[in-house]
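Here is the structure we will look at.
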Number of protein chains: 4
Amino acid sequence: MSYAKPMLEAYPREFNVDADVLARCIDACYDCAQTCTACADACLGEESVGELARCIALDLDCADLCTATGAVLSRQVTAGEPWLWALIEACAEACASCAAECERHAGMHEHCRVCAEVCRTCEKRCREVQLLAAA
Amino acid sequence: MSYAKPMLEAYPREFNVDADVLARCIDACYDCAQTCTACADACLGEESVGELARCIALDLDCADLCTATGAVLSRQVTAGEPWLWALIEACAEACASCAAECERHAGMHEHCRVCAEVCRTCEKRCREVQLLAAA
Amino acid sequence: MSYAKPMLEAYPREFNVDADVLARCIDACYDCAQTCTACADACLGEESVGELARCIALDLDCADLCTATGAVLSRQVTAGEPWLWALIEACAEACASCAAECERHAGMHEHCRVCAEVCRTCEKRCREVQLLAAA
Amino acid sequence: MSYAKPMLEAYPREFNVDADVLARCIDACYDCAQTCTACADACLGEESVGELARCIALDLDCADLCTATGAVLSRQVTAGEPWLWALIEACAEACASCAAECERHAGMHEHCRVCAEVCRTCEKRCREVQLLAAA
């Protein structure tokens, strides 16, 4: 169980976002930050690390983006800030880019297979938050 | 479901730590980073924010410690580094300190009640990793 | 002296960005992350913390954005990623928003005056990197 | 010029630490976080990346520790927390470990030479803060 949802429900002010959609996106960002950090490290443990340099760098970028996005989305005091949408867009696209690279190695490296899956989920959760705004 | 455990199982080199204990601690660090970030923000949304300044600052410290510890523990290439134990000790104690402060407000603020619980769990998971090393 | 410039000059591959403009933006991101973190804490130390809740939350968001942007811009392996521009846009706008809020309190709180100045510099440095891409 | 010192001087409450020593340590932490992030990336750009896996992983750990330590030391509301010393000890030792590894490659890779120097400075600045406490 995650705590993003109960923390949103405990927020003391009024709150006009779908808490389920937001909580799922926050959870996906933290999952993705952890998985990308672990995937970069597992790539560094492979014999073929020379072929995985771009994969490692994308893992690190994606982890940084997801850490920042997960934290920012956890704050409701600033939920109306217009730059949030550029951040969510950057996060979704960094996840897509990292997923595409990991998918190339998914047949050989189980850590890339899992990481690609988690990145695709995070991309999708970011898109669902974007749809809320468009609604 | 979290991905820390499958990522540890996919690690390409030999690995002489109890993966269950380590994965639970990594998960607890990321959960605690998110919950403390949300609790700081919920405190900022309270009327009585003036009385919660210390709680907010401890939440922020604890979130920073847990983010760093969760990332560092996700890396197995450097798993034997001796300074890891000082980091885990700092993280466990920061969680204990944040929990103690949140517990003082738990009766009035549900976000502090949840946050204290998550901090206590993270403290315990760090202690379990310390016990592994002592064994 | 900062180390962003000598580190860019030591980068082992070809490198087709203006290193001065990029290094200044990286430096500004790390400066802004530190200053916003300190401003949030100084606000928590004020008697009037209740009036500064939004300022604190923007400081924290801006620190998270600048930390991520500074780290991502420090990586040249992924320098061609298209989502970088959304991240830089989000960072510039978060800096502008935090600066505008801090400027409201600059007459009363020296930490807000300094923080607004550092945020405005970081916003400008991000815009200079955007201009490179447009050139 | 850095802003850690003017921000400490603008802190609204009484403050019984040597602001010069503390500001220098905060600056060193942020410098080291940036330099280690850039060194990891430059290592990923080397032909011999396979021999630099441990160097990259230590760079990433050191960057995470320095980011957390720089942020935590920027907060004065929680300056008396006892776990701070374990964190500073972990940070100093992670810097020493990263420096030792980078020094092994300093003759071949300029980015490792610069990074080792910045890590040694950060280690020293952390030790100076520890001496303050012992005084």
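Going through the structure tokens in order, the chains are called A, B, and so on, while each chain numbers its residues from 1 and the ligands are numbered from 1 in the order shown.
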
Could you please select, counting only C-alpha atoms, the residues of chain D within 9 Å of chain C and state them as a short mmCIF file (atom, residue, chain, number, x, y, z; two decimals) with all heavy atoms, in the first residue's frame?
data_model
loop_
_atom_site.label_atom_id
_atom_site.label_comp_id
_atom_site.auth_asym_id
_atom_site.auth_seq_id
_atom_site.Cartn_x
_atom_site.Cartn_y
_atom_site.Cartn_z
N MET D 1 30.53 34.25 -6.76
CA MET D 1 30.04 34.41 -5.38
C MET D 1 28.89 33.46 -5.09
O MET D 1 28.03 33.22 -5.93
CB MET D 1 29.56 35.85 -5.16
CG MET D 1 29.39 36.18 -3.68
SD MET D 1 28.35 37.66 -3.39
CE MET D 1 26.70 36.96 -3.54
N SER D 2 28.88 32.93 -3.91
CA SER D 2 27.78 32.06 -3.51
C SER D 2 26.82 32.84 -2.61
O SER D 2 27.12 33.94 -2.14
CB SER D 2 28.32 30.84 -2.76
OG SER D 2 27.85 30.79 -1.44
N TYR D 3 25.65 32.25 -2.37
CA TYR D 3 24.62 32.92 -1.59
C TYR D 3 24.40 32.29 -0.22
O TYR D 3 23.56 32.76 0.55
CB TYR D 3 23.33 32.96 -2.41
CG TYR D 3 23.53 33.70 -3.71
CD1 TYR D 3 23.91 33.03 -4.86
CD2 TYR D 3 23.44 35.09 -3.75
CE1 TYR D 3 24.16 33.72 -6.05
CE2 TYR D 3 23.68 35.78 -4.92
CZ TYR D 3 24.04 35.09 -6.06
OH TYR D 3 24.30 35.78 -7.21
N ALA D 4 25.14 31.22 0.08
CA ALA D 4 24.94 30.55 1.36
C ALA D 4 25.22 31.50 2.53
O ALA D 4 24.47 31.54 3.51
CB ALA D 4 25.83 29.30 1.46
N PRO D 6 25.29 35.09 2.64
CA PRO D 6 24.23 36.10 2.86
C PRO D 6 22.91 35.51 3.33
O PRO D 6 22.19 36.16 4.10
CB PRO D 6 24.08 36.77 1.47
CG PRO D 6 24.96 36.03 0.53
CD PRO D 6 25.92 35.21 1.32
N MET D 7 22.58 34.31 2.92
CA MET D 7 21.33 33.70 3.40
C MET D 7 21.42 33.36 4.89
O MET D 7 20.44 33.53 5.62
CB MET D 7 20.98 32.45 2.57
CG MET D 7 20.52 32.77 1.15
SD MET D 7 19.07 33.89 1.05
CE MET D 7 17.73 32.75 1.41
N LEU D 8 22.57 32.89 5.33
CA LEU D 8 22.75 32.64 6.77
C LEU D 8 22.66 33.93 7.56
O LEU D 8 22.06 33.98 8.64
CB LEU D 8 24.09 31.95 7.04
CG LEU D 8 24.18 30.47 6.66
CD1 LEU D 8 25.61 29.96 6.83
CD2 LEU D 8 23.23 29.62 7.51
N GLU D 9 23.24 35.02 7.01
CA GLU D 9 23.19 36.31 7.70
C GLU D 9 21.77 36.87 7.76
O GLU D 9 21.46 37.68 8.64
CB GLU D 9 24.14 37.30 7.01
CG GLU D 9 25.60 36.93 7.28
CD GLU D 9 26.58 37.71 6.42
OE1 GLU D 9 26.15 38.32 5.41
OE2 GLU D 9 27.78 37.71 6.74
N ALA D 10 20.92 36.44 6.82
CA ALA D 10 19.54 36.93 6.79
C ALA D 10 18.60 36.06 7.62
O ALA D 10 17.40 36.34 7.71
CB ALA D 10 19.04 36.97 5.34
N TYR D 11 19.14 35.01 8.24
CA TYR D 11 18.29 34.11 9.03
C TYR D 11 17.69 34.88 10.21
O TYR D 11 18.41 35.56 10.94
CB TYR D 11 19.11 32.91 9.51
CG TYR D 11 18.27 31.88 10.21
CD1 TYR D 11 17.34 31.13 9.50
CD2 TYR D 11 18.38 31.68 11.58
CE1 TYR D 11 16.55 30.19 10.14
CE2 TYR D 11 17.58 30.73 12.22
CZ TYR D 11 16.66 30.00 11.49
OH TYR D 11 15.88 29.08 12.12
N PRO D 12 16.37 34.78 10.43
CA PRO D 12 15.72 35.69 11.37
C PRO D 12 15.92 35.37 12.85
O PRO D 12 15.62 36.21 13.69
CB PRO D 12 14.24 35.56 11.00
CG PRO D 12 14.09 34.23 10.35
CD PRO D 12 15.40 33.97 9.66
N ARG D 13 16.37 34.16 13.18
CA ARG D 13 16.52 33.84 14.60
C ARG D 13 17.99 33.86 15.00
O ARG D 13 18.88 33.95 14.16
CB ARG D 13 15.97 32.44 14.89
CG ARG D 13 14.48 32.33 14.65
CD ARG D 13 13.95 31.07 15.25
NE ARG D 13 12.62 30.76 14.71
CZ ARG D 13 11.98 29.64 14.92
NH1 ARG D 13 12.53 28.69 15.67
NH2 ARG D 13 10.78 29.43 14.39
N ILE D 26 28.39 24.23 3.07
CA ILE D 26 27.21 24.16 2.19
C ILE D 26 27.63 24.34 0.74
O ILE D 26 27.23 23.57 -0.15
CB ILE D 26 26.17 25.23 2.60
CG1 ILE D 26 25.59 24.93 3.98
CG2 ILE D 26 25.07 25.36 1.56
CD1 ILE D 26 24.77 26.06 4.59
N ASP D 27 28.46 25.37 0.47
CA ASP D 27 28.95 25.59 -0.89
C ASP D 27 29.68 24.37 -1.43
O ASP D 27 29.51 23.97 -2.58
CB ASP D 27 29.90 26.79 -0.92
CG ASP D 27 29.17 28.11 -0.77
OD1 ASP D 27 27.94 28.15 -1.02
OD2 ASP D 27 29.82 29.11 -0.42
N TYR D 30 27.27 21.56 -2.52
CA TYR D 30 26.61 21.78 -3.82
C TYR D 30 27.62 21.67 -4.97
O TYR D 30 27.31 21.08 -6.01
CB TYR D 30 25.88 23.13 -3.83
CG TYR D 30 24.53 23.06 -3.13
CD1 TYR D 30 24.41 23.25 -1.75
CD2 TYR D 30 23.36 22.78 -3.83
CE1 TYR D 30 23.19 23.18 -1.10
CE2 TYR D 30 22.13 22.71 -3.18
CZ TYR D 30 22.05 22.91 -1.83
OH TYR D 30 20.82 22.82 -1.19
N ASP D 31 28.83 22.22 -4.79
CA ASP D 31 29.88 22.06 -5.81
C ASP D 31 30.15 20.58 -6.08
O ASP D 31 30.31 20.15 -7.22
CB ASP D 31 31.20 22.70 -5.34
CG ASP D 31 31.22 24.20 -5.56
OD1 ASP D 31 30.34 24.73 -6.25
OD2 ASP D 31 32.16 24.86 -5.03
N CYS D 32 30.24 19.81 -5.00
CA CYS D 32 30.60 18.40 -5.11
C CYS D 32 29.46 17.61 -5.76
O CYS D 32 29.72 16.71 -6.58
CB CYS D 32 30.95 17.84 -3.74
SG CYS D 32 31.92 16.33 -3.79
N ALA D 33 28.23 17.95 -5.43
CA ALA D 33 27.08 17.28 -6.07
C ALA D 33 27.12 17.49 -7.58
O ALA D 33 26.94 16.55 -8.36
CB ALA D 33 25.77 17.81 -5.49
N GLN D 34 27.39 18.73 -8.00
CA GLN D 34 27.44 19.02 -9.44
C GLN D 34 28.62 18.31 -10.10
O GLN D 34 28.47 17.69 -11.17
CB GLN D 34 27.55 20.54 -9.66
CG GLN D 34 27.25 20.99 -11.10
CD GLN D 34 28.42 20.83 -12.06
OE1 GLN D 34 29.56 21.07 -11.70
NE2 GLN D 34 28.13 20.43 -13.28
N THR D 35 29.79 18.40 -9.50
CA THR D 35 31.00 17.84 -10.11
C THR D 35 30.91 16.32 -10.22
O THR D 35 31.29 15.74 -11.24
CB THR D 35 32.25 18.26 -9.30
OG1 THR D 35 32.23 19.68 -9.13
CG2 THR D 35 33.52 17.87 -10.03
N THR D 37 28.16 14.54 -10.43
CA THR D 37 27.17 14.24 -11.47
C THR D 37 27.82 14.35 -12.85
O THR D 37 27.61 13.49 -13.72
CB THR D 37 25.98 15.22 -11.35
OG1 THR D 37 25.41 15.08 -10.04
CG2 THR D 37 24.92 14.96 -12.40
N ALA D 38 28.62 15.41 -13.05
CA ALA D 38 29.29 15.61 -14.33
C ALA D 38 30.38 14.57 -14.56
O ALA D 38 30.59 14.12 -15.70
CB ALA D 38 29.89 17.02 -14.38
N CYS D 39 31.07 14.15 -13.50
CA CYS D 39 32.14 13.15 -13.65
C CYS D 39 31.55 11.79 -14.04
O CYS D 39 32.08 11.10 -14.91
CB CYS D 39 32.95 13.04 -12.36
SG CYS D 39 34.40 11.96 -12.52
N ALA D 40 30.44 11.42 -13.41
CA ALA D 40 29.77 10.16 -13.79
C ALA D 40 29.42 10.17 -15.27
O ALA D 40 29.60 9.19 -15.99
CB ALA D 40 28.51 9.96 -12.94
N ASP D 41 28.91 11.31 -15.74
CA ASP D 41 28.51 11.42 -17.14
C ASP D 41 29.73 11.40 -18.07
O ASP D 41 29.71 10.77 -19.13
CB ASP D 41 27.73 12.72 -17.35
CG ASP D 41 27.19 12.83 -18.76
OD1 ASP D 41 26.25 12.07 -19.07
OD2 ASP D 41 27.70 13.65 -19.54
N ALA D 42 30.81 12.09 -17.68
CA ALA D 42 32.02 12.09 -18.50
C ALA D 42 32.61 10.67 -18.56
O ALA D 42 33.07 10.23 -19.63
CB ALA D 42 33.04 13.07 -17.93
N CYS D 43 32.57 9.95 -17.45
CA CYS D 43 33.02 8.54 -17.45
C CYS D 43 32.19 7.71 -18.44
O CYS D 43 32.73 6.87 -19.15
CB CYS D 43 32.89 7.93 -16.05
SG CYS D 43 34.12 8.50 -14.86
N LEU D 44 30.87 7.96 -18.48
CA LEU D 44 30.00 7.25 -19.42
C LEU D 44 30.34 7.59 -20.88
O LEU D 44 30.01 6.83 -21.78
CB LEU D 44 28.52 7.59 -19.16
CG LEU D 44 27.89 6.96 -17.93
CD1 LEU D 44 26.49 7.52 -17.71
CD2 LEU D 44 27.83 5.43 -18.04
N GLY D 45 30.99 8.73 -21.10
CA GLY D 45 31.40 9.12 -22.44
C GLY D 45 32.77 8.59 -22.85
O GLY D 45 33.18 8.76 -24.00
N GLU D 46 33.48 7.94 -21.93
CA GLU D 46 34.81 7.39 -22.22
C GLU D 46 34.70 6.04 -22.95
O GLU D 46 33.79 5.27 -22.68
CB GLU D 46 35.62 7.18 -20.93
CG GLU D 46 35.95 8.45 -20.15
CD GLU D 46 37.05 9.28 -20.81
OE1 GLU D 46 37.65 8.82 -21.81
OE2 GLU D 46 37.28 10.41 -20.33
N GLU D 47 35.69 5.76 -23.82
CA GLU D 47 35.79 4.42 -24.44
C GLU D 47 35.90 3.33 -23.37
O GLU D 47 35.34 2.25 -23.49
CB GLU D 47 37.05 4.35 -25.32
CG GLU D 47 37.10 5.29 -26.48
CD GLU D 47 36.25 4.81 -27.64
OE1 GLU D 47 36.10 3.59 -27.80
OE2 GLU D 47 35.71 5.66 -28.38
N THR D 67 24.04 16.31 -2.08
CA THR D 67 22.78 17.03 -2.29
C THR D 67 21.97 17.06 -0.99
O THR D 67 21.48 18.12 -0.57
CB THR D 67 21.96 16.37 -3.41
OG1 THR D 67 22.72 16.42 -4.62
CG2 THR D 67 20.62 17.06 -3.62
N GLY D 70 23.96 19.18 1.76
CA GLY D 70 23.89 20.61 1.44
C GLY D 70 22.52 21.20 1.79
O GLY D 70 22.42 22.31 2.34
N ALA D 71 21.45 20.46 1.49
CA ALA D 71 20.10 20.94 1.79
C ALA D 71 19.85 20.96 3.30
O ALA D 71 19.34 21.94 3.84
CB ALA D 71 19.05 20.07 1.07
N VAL D 72 20.21 19.88 3.97
CA VAL D 72 19.96 19.79 5.42
C VAL D 72 20.75 20.87 6.17
O VAL D 72 20.21 21.53 7.07
CB VAL D 72 20.30 18.37 5.93
CG1 VAL D 72 20.37 18.33 7.44
CG2 VAL D 72 19.28 17.35 5.41
N LEU D 73 22.01 21.09 5.78
CA LEU D 73 22.82 22.13 6.44
C LEU D 73 22.29 23.54 6.13
O LEU D 73 22.60 24.49 6.86
CB LEU D 73 24.29 22.03 6.02
CG LEU D 73 25.07 20.82 6.53
CD1 LEU D 73 26.51 20.87 6.03
CD2 LEU D 73 25.04 20.72 8.05
N SER D 74 21.52 23.69 5.06
CA SER D 74 20.92 24.98 4.73
C SER D 74 19.73 25.31 5.64
O SER D 74 19.21 26.42 5.59
CB SER D 74 20.45 24.99 3.26
OG SER D 74 21.55 24.81 2.38
N ARG D 75 19.29 24.33 6.44
CA ARG D 75 18.14 24.55 7.35
C ARG D 75 18.63 24.77 8.78
O ARG D 75 19.23 23.89 9.37
CB ARG D 75 17.22 23.32 7.33
CG ARG D 75 16.38 23.25 6.08
CD ARG D 75 15.40 22.10 6.10
NE ARG D 75 15.05 21.83 4.72
CZ ARG D 75 15.41 20.74 4.04
NH1 ARG D 75 16.07 19.78 4.64
NH2 ARG D 75 15.10 20.63 2.77
N GLN D 76 18.31 25.95 9.33
CA GLN D 76 18.73 26.27 10.69
C GLN D 76 17.67 25.90 11.74
O GLN D 76 17.99 25.75 12.92
CB GLN D 76 19.10 27.75 10.82
CG GLN D 76 20.18 28.18 9.82
CD GLN D 76 21.29 27.15 9.69
OE1 GLN D 76 21.84 26.69 10.67
NE2 GLN D 76 21.61 26.78 8.46
N VAL D 77 16.41 25.74 11.30
CA VAL D 77 15.35 25.39 12.25
C VAL D 77 15.68 24.07 12.95
O VAL D 77 15.37 23.89 14.13
CB VAL D 77 13.97 25.32 11.54
CG1 VAL D 77 12.89 24.79 12.48
CG2 VAL D 77 13.57 26.70 11.00
N HIS D 109 42.22 10.88 -16.93
CA HIS D 109 40.97 11.58 -17.18
C HIS D 109 40.93 12.88 -16.37
O HIS D 109 40.82 12.84 -15.14
CB HIS D 109 39.77 10.69 -16.78
CG HIS D 109 39.76 9.37 -17.48
ND1 HIS D 109 39.86 9.25 -18.85
CD2 HIS D 109 39.65 8.10 -17.02
CE1 HIS D 109 39.82 7.97 -19.20
NE2 HIS D 109 39.70 7.25 -18.10
N GLU D 110 40.98 13.99 -17.09
CA GLU D 110 40.95 15.31 -16.43
C GLU D 110 39.69 15.47 -15.56
O GLU D 110 39.75 16.07 -14.49
CB GLU D 110 41.01 16.41 -17.52
CG GLU D 110 40.80 17.83 -17.04
CD GLU D 110 41.93 18.38 -16.16
OE1 GLU D 110 42.96 17.70 -15.97
OE2 GLU D 110 41.76 19.50 -15.65
N HIS D 111 38.55 14.94 -16.02
CA HIS D 111 37.32 15.07 -15.20
C HIS D 111 37.47 14.37 -13.85
O HIS D 111 36.93 14.84 -12.85
CB HIS D 111 36.08 14.57 -15.95
CG HIS D 111 36.19 13.22 -16.57
ND1 HIS D 111 35.96 12.06 -15.88
CD2 HIS D 111 36.52 12.84 -17.84
CE1 HIS D 111 36.12 11.02 -16.69
NE2 HIS D 111 36.47 11.47 -17.90
N CYS D 112 38.22 13.26 -13.82
CA CYS D 112 38.46 12.58 -12.54
C CYS D 112 39.44 13.40 -11.68
O CYS D 112 39.28 13.43 -10.44
CB CYS D 112 39.01 11.17 -12.77
SG CYS D 112 37.74 9.98 -13.32
N VAL D 114 39.74 16.74 -11.62
CA VAL D 114 38.96 17.85 -11.04
C VAL D 114 38.02 17.31 -9.97
O VAL D 114 37.90 17.89 -8.88
CB VAL D 114 38.17 18.60 -12.13
CG1 VAL D 114 37.28 19.68 -11.51
CG2 VAL D 114 39.10 19.21 -13.17
N CYS D 115 37.36 16.20 -10.25
CA CYS D 115 36.37 15.66 -9.32
C CYS D 115 37.04 15.25 -8.00
O CYS D 115 36.49 15.51 -6.92
CB CYS D 115 35.65 14.47 -9.95
SG CYS D 115 34.22 13.91 -9.00
N VAL D 118 37.64 18.37 -5.95
CA VAL D 118 36.41 18.92 -5.37
C VAL D 118 35.91 18.03 -4.21
O VAL D 118 35.46 18.54 -3.18
CB VAL D 118 35.32 19.10 -6.46
CG1 VAL D 118 34.01 19.60 -5.85
CG2 VAL D 118 35.81 20.05 -7.55
#

* Test item: residues at most 10 Å from Ala100 of chain B, only C-alpha atoms, excluding those fewer than 4 positions along its chain, as a VMD selection string -> chain B and resid 55 94 to 96 104 to 106 116 119 to 120

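Here atom CA of Asp64 of chain D and atom CA of Glu81 of chain D stand 20.3 Å from one another.
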
* Distance of atom CA of Cys126 of chain C from atom CA of Ala92 of chain C, expressed in Å to one decimal place ->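 Going from atom CA of Ala92 of chain C over to atom CA of Cys126 of chain C, I get 5.7 Å.
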
* Could you find all residues in chain D that DSSP calls helix (DSSP H, G or I) from the backbone, and write them as a VMD selection string? => chain D and resid 4 to 9 19 to 44 49 to 73 84 to 105 110 to 134

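Atom CA of Leu60 of chain B lies 12.6 Å from atom CA of Cys102 of chain B.
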
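Between Cys62 of chain B and the residues D:Ser97, D:Glu117, D:Val17, D:Leu87, the shortest atom-to-atom distance, using only C-alpha atoms, involves D:Leu87.
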
* To do: Find, counting only C-alpha atoms, the residue in D:Met108, D:Ala79, D:Cys91, D:Leu58 that gets nearest to Cys29 of chain D.
  => D:Cys91
